[in-house]
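Asks: The following file, target_6.pdb, comprises PDB, C-alpha atoms:
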```pdb
ATOM      1  CA  MET S   1     131.948 149.184 102.602
ATOM      2  CA  VAL S   2     130.524 146.028 101.083
ATOM      3  CA  ALA S   3     133.010 143.346 100.090
ATOM      4  CA  ARG S   4     132.492 141.822  96.624
ATOM      5  CA  ILE S   5     132.183 138.387  98.215
ATOM      6  CA  VAL S   6     128.826 139.461  99.720
ATOM      7  CA  ILE S   7     127.405 140.002  96.225
ATOM      8  CA  ASP S   8     129.031 136.846  94.837
ATOM      9  CA  ARG S   9     127.670 134.630  97.619
ATOM     10  CA  THR S  10     124.218 136.216  97.422
ATOM     11  CA  LEU S  11     124.090 135.525  93.674
ATOM     12  CA  GLN S  12     125.178 131.921  94.204
ATOM     13  CA  PHE S  13     122.549 131.541  96.948
ATOM     14  CA  LEU S  14     119.825 132.813  94.585
ATOM     15  CA  LYS S  15     121.016 130.502  91.805
ATOM     16  CA  ASP S  16     120.981 127.486  94.141
ATOM     17  CA  MET S  17     117.592 128.425  95.632
ATOM     18  CA  VAL S  18     115.724 128.185  92.312
ATOM     19  CA  LYS S  19     114.746 124.545  91.715
ATOM     20  CA  LYS S  20     112.192 124.453  88.896
ATOM     21  CA  ALA S  21     110.007 126.409  86.533
ATOM     22  CA  VAL S  22     106.229 126.144  86.434
ATOM     23  CA  VAL S  23     104.813 127.232  83.074
ATOM     24  CA  THR S  24     101.124 127.421  82.205
ATOM     25  CA  ILE S  25     100.628 126.014  78.707
ATOM     26  CA  ASP S  26      97.106 125.818  77.264
ATOM     27  CA  GLY S  27      95.693 126.352  80.763
ATOM     28  CA  GLN S  28      97.686 123.496  82.347
ATOM     29  CA  GLU S  29     100.640 123.983  84.685
ATOM     30  CA  SER S  30     103.754 122.084  83.600
ATOM     31  CA  ILE S  31     106.850 121.636  85.754
ATOM     32  CA  LEU S  32     109.931 122.118  83.608
ATOM     33  CA  SER S  33     113.649 121.683  84.091
ATOM     34  CA  PHE S  34     116.096 124.443  83.322
ATOM     35  CA  TYR S  35     117.842 124.603  80.000
ATOM     36  CA  SER S  36     120.690 126.369  81.812
ATOM     37  CA  GLN S  37     121.579 128.887  84.517
ATOM     38  CA  GLU S  38     124.371 131.421  84.685
ATOM     39  CA  ILE S  39     125.565 134.378  86.691
ATOM     40  CA  VAL S  40     126.251 137.423  84.524
ATOM     41  CA  GLU S  41     127.673 140.398  86.421
ATOM     42  CA  ASP S  42     125.154 140.998  89.243
ATOM     43  CA  THR S  43     122.320 138.918  87.751
ATOM     44  CA  VAL S  44     121.290 135.265  87.889
ATOM     45  CA  LYS S  45     119.794 134.184  84.561
ATOM     46  CA  THR S  46     117.674 131.043  84.388
ATOM     47  CA  TYR S  47     116.728 129.698  80.955
ATOM     48  CA  VAL S  48     113.741 127.443  80.299
ATOM     49  CA  PHE S  49     113.221 126.031  76.800
ATOM     50  CA  LEU S  50     109.899 124.852  75.431
ATOM     51  CA  GLU S  51     110.145 122.420  72.529
ATOM     52  CA  ASN S  52     108.681 122.967  69.082
ATOM     53  CA  GLY S  53     104.907 122.979  68.942
ATOM     54  CA  HIS S  54     104.272 124.113  72.519
ATOM     55  CA  GLY S  55     100.805 125.508  73.223
ATOM     56  CA  GLN S  56      99.808 129.021  74.312
ATOM     57  CA  VAL S  57     101.902 130.183  77.279
ATOM     58  CA  THR S  58     100.057 132.434  79.737
ATOM     59  CA  ASN S  59     102.179 132.298  82.901
ATOM     60  CA  ALA S  60     105.687 131.345  83.974
ATOM     61  CA  LYS S  61     107.256 131.248  87.419
ATOM     62  CA  LEU S  62     110.327 130.058  89.281
ATOM     63  CA  VAL S  63     109.898 128.169  92.532
ATOM     64  CA  ASP S  64     112.165 126.844  95.263
ATOM     65  CA  ALA S  65     112.309 123.302  96.686
ATOM     66  CA  GLN S  66     109.238 123.963  98.886
ATOM     67  CA  GLY S  67     107.216 125.327  95.950
ATOM     68  CA  ILE S  68     107.504 128.943  97.099
ATOM     69  CA  GLU S  69     107.228 131.350  94.178
ATOM     70  CA  LEU S  70     110.393 133.404  93.654
ATOM     71  CA  ASP S  71     109.656 135.126  90.340
ATOM     72  CA  GLN S  72     106.581 135.217  88.114
ATOM     73  CA  PHE S  73     105.227 136.887  85.016
ATOM     74  CA  THR S  74     101.971 136.784  83.116
ATOM     75  CA  THR S  75     102.108 136.771  79.342
ATOM     76  CA  SER S  76     100.305 135.592  76.236
ATOM     77  CA  ILE S  77     102.641 133.831  73.837
ATOM     78  CA  GLN S  78     101.124 131.946  70.941
ATOM     79  CA  PRO S  79     102.319 128.488  69.897
ATOM     80  CA  SER S  80     105.551 128.481  67.922
ATOM     81  CA  GLU S  81     107.075 125.927  65.586
ATOM     82  CA  ASP S  82     110.556 127.102  66.599
ATOM     83  CA  GLY S  83     110.159 126.560  70.334
ATOM     84  CA  LEU S  84     110.412 129.223  73.024
ATOM     85  CA  MET S  85     113.200 130.282  75.379
ATOM     86  CA  ILE S  86     111.999 131.918  78.601
ATOM     87  CA  VAL S  87     114.658 133.884  80.492
ATOM     88  CA  PHE S  88     114.182 134.778  84.150
ATOM     89  CA  THR S  89     116.536 137.353  85.664
ATOM     90  CA  LEU S  90     117.171 137.926  89.371
ATOM     91  CA  SER S  91     119.470 140.886  90.035
ATOM     92  CA  VAL S  92     121.301 141.961  93.171
ATOM     93  CA  LYS S  93     121.820 145.647  93.833
ATOM     94  CA  LEU S  94     123.425 146.516  97.138
ATOM     95  CA  LYS S  95     123.340 150.067  98.381
ATOM     96  CA  GLY S  96     126.573 151.450  99.649
ATOM     97  CA  GLU S  97     130.112 151.544  98.456
ATOM     98  CA  LEU S  98     131.716 148.428  97.017
ATOM     99  CA  GLN S  99     135.059 147.500  98.521
ATOM    100  CA  THR S 100     137.505 146.455  95.812
TER     101      THR S 100
END
```
Represent the supplied structure as structure tokens.
Replies:
Amino acid sequence: MVARIVIDRTLQFLKDMVKKAVVTIDGQESILSFYSQEIVEDTVKTYVFLENGHGQVTNAKLVDAQGIELDQFTTSIQPSEDGLMIVFTLSVKLKGELQT
């Protein structure tokens, strides 16, 4: 049986591992800070906000302190006057029975 603390510590480890977002805007990579991060159930959510008037977004990724890519997606989001919130989700699913 898996103790809940295994999931909790794994989620905290993932949250702490992510250091920055790299977003490609108008063909140029920009390093961005997080708007916020939270753990919701068995998922780490990392929010990155682009200000009003950002250019075309074609790629976004999360990296660790050494620049190793942890999560990435390719997209094509047109410029927006309202800004853009990018949400990355990293989920933990352990196989086996959870000890309560």
Asks: How close does each residue of region 33-75 of chain S get to region 86-89 of chain S, giving the shortest atom pair and distance in Å to one decimal for every residue with an atom at most 8 Å away, counting all atoms listed in the file, sorted by chain and residue number, as CSV?
Replies:
```
residue,atom,partner,partner_atom,distance
S:Thr43,CA,S:Thr89,CA,6.3
S:Val44,CA,S:Thr89,CA,5.6
S:Lys45,CA,S:Thr89,CA,4.7
S:Thr46,CA,S:Phe88,CA,5.1
S:Tyr47,CA,S:Val87,CA,4.7
S:Val48,CA,S:Ile86,CA,5.1
S:Phe49,CA,S:Ile86,CA,6.3
S:Leu62,CA,S:Phe88,CA,8.0
S:Asp71,CA,S:Phe88,CA,7.7
```
Asks: Just to confirm, what's the straight-line distance from CA of Ser36 (chain S) to CA of Gln12 (chain S) in Å (one decimal)?
Replies: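 Between CA of Ser36 (chain S) and CA of Gln12 (chain S) the gap works out to 14.3 Å.
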Asks: What residues come out when you apply the PyMOL selection byres ((chain S and resi 63-68) around 10) to this file, written as a ChimeraX atom specification?
Replies: /S:14,16-22,31,61-62,69-72
Asks: Output the residue selection produced by the PyMOL selection byres ((chain S and resi 27) around 10) on the file above, formatted as a list in words.
Replies: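 Evaluating the PyMOL selection byres ((chain S and resi 27) around 10) on this file yields Val23, Thr24, Ile25, Asp26, Gln28, Glu29, Ser30, Gly55, Gln56, Val57, Thr58 and Asn59 of chain S.
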Asks: Can you tell me how far CA of Val92 (chain S) sits from CA of Leu32 (chain S), in Å to one decimal?
Replies: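 Atom-to-atom, CA of Val92 (chain S) to CA of Leu32 (chain S), that is 24.8 Å.
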Asks: Provide the CA of Gly83 (chain S) to CA of His54 (chain S) distance in Å, to one decimal place.
Replies: 6.7 Å
Asks: Out of S:Leu94, S:Leu11, S:Leu50, S:Ala60, which residue has the shortest atom-to-atom distance to Asp82 (chain S) when counting only C-alpha atoms?
Replies: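 Selected residue with least distance to Asp82 (chain S): S:Leu50.
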Asks: Given the choices S:Leu84, S:Asp8, S:Lys95, S:Phe73, which gets closest to Glu41 (chain S) if the distance is worked out from all atoms listed in the file?
Replies: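 The closest residue to Glu41 (chain S) is S:Asp8.
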Asks: Name the closest residue to Arg4 (chain S) among the candidates S:Glu38, S:Ser33, S:Lys93, S:Gln78; distances are taken between atoms, counting all atoms listed in the file.
Replies: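 Smallest separation from Arg4 (chain S) among the options: S:Lys93.
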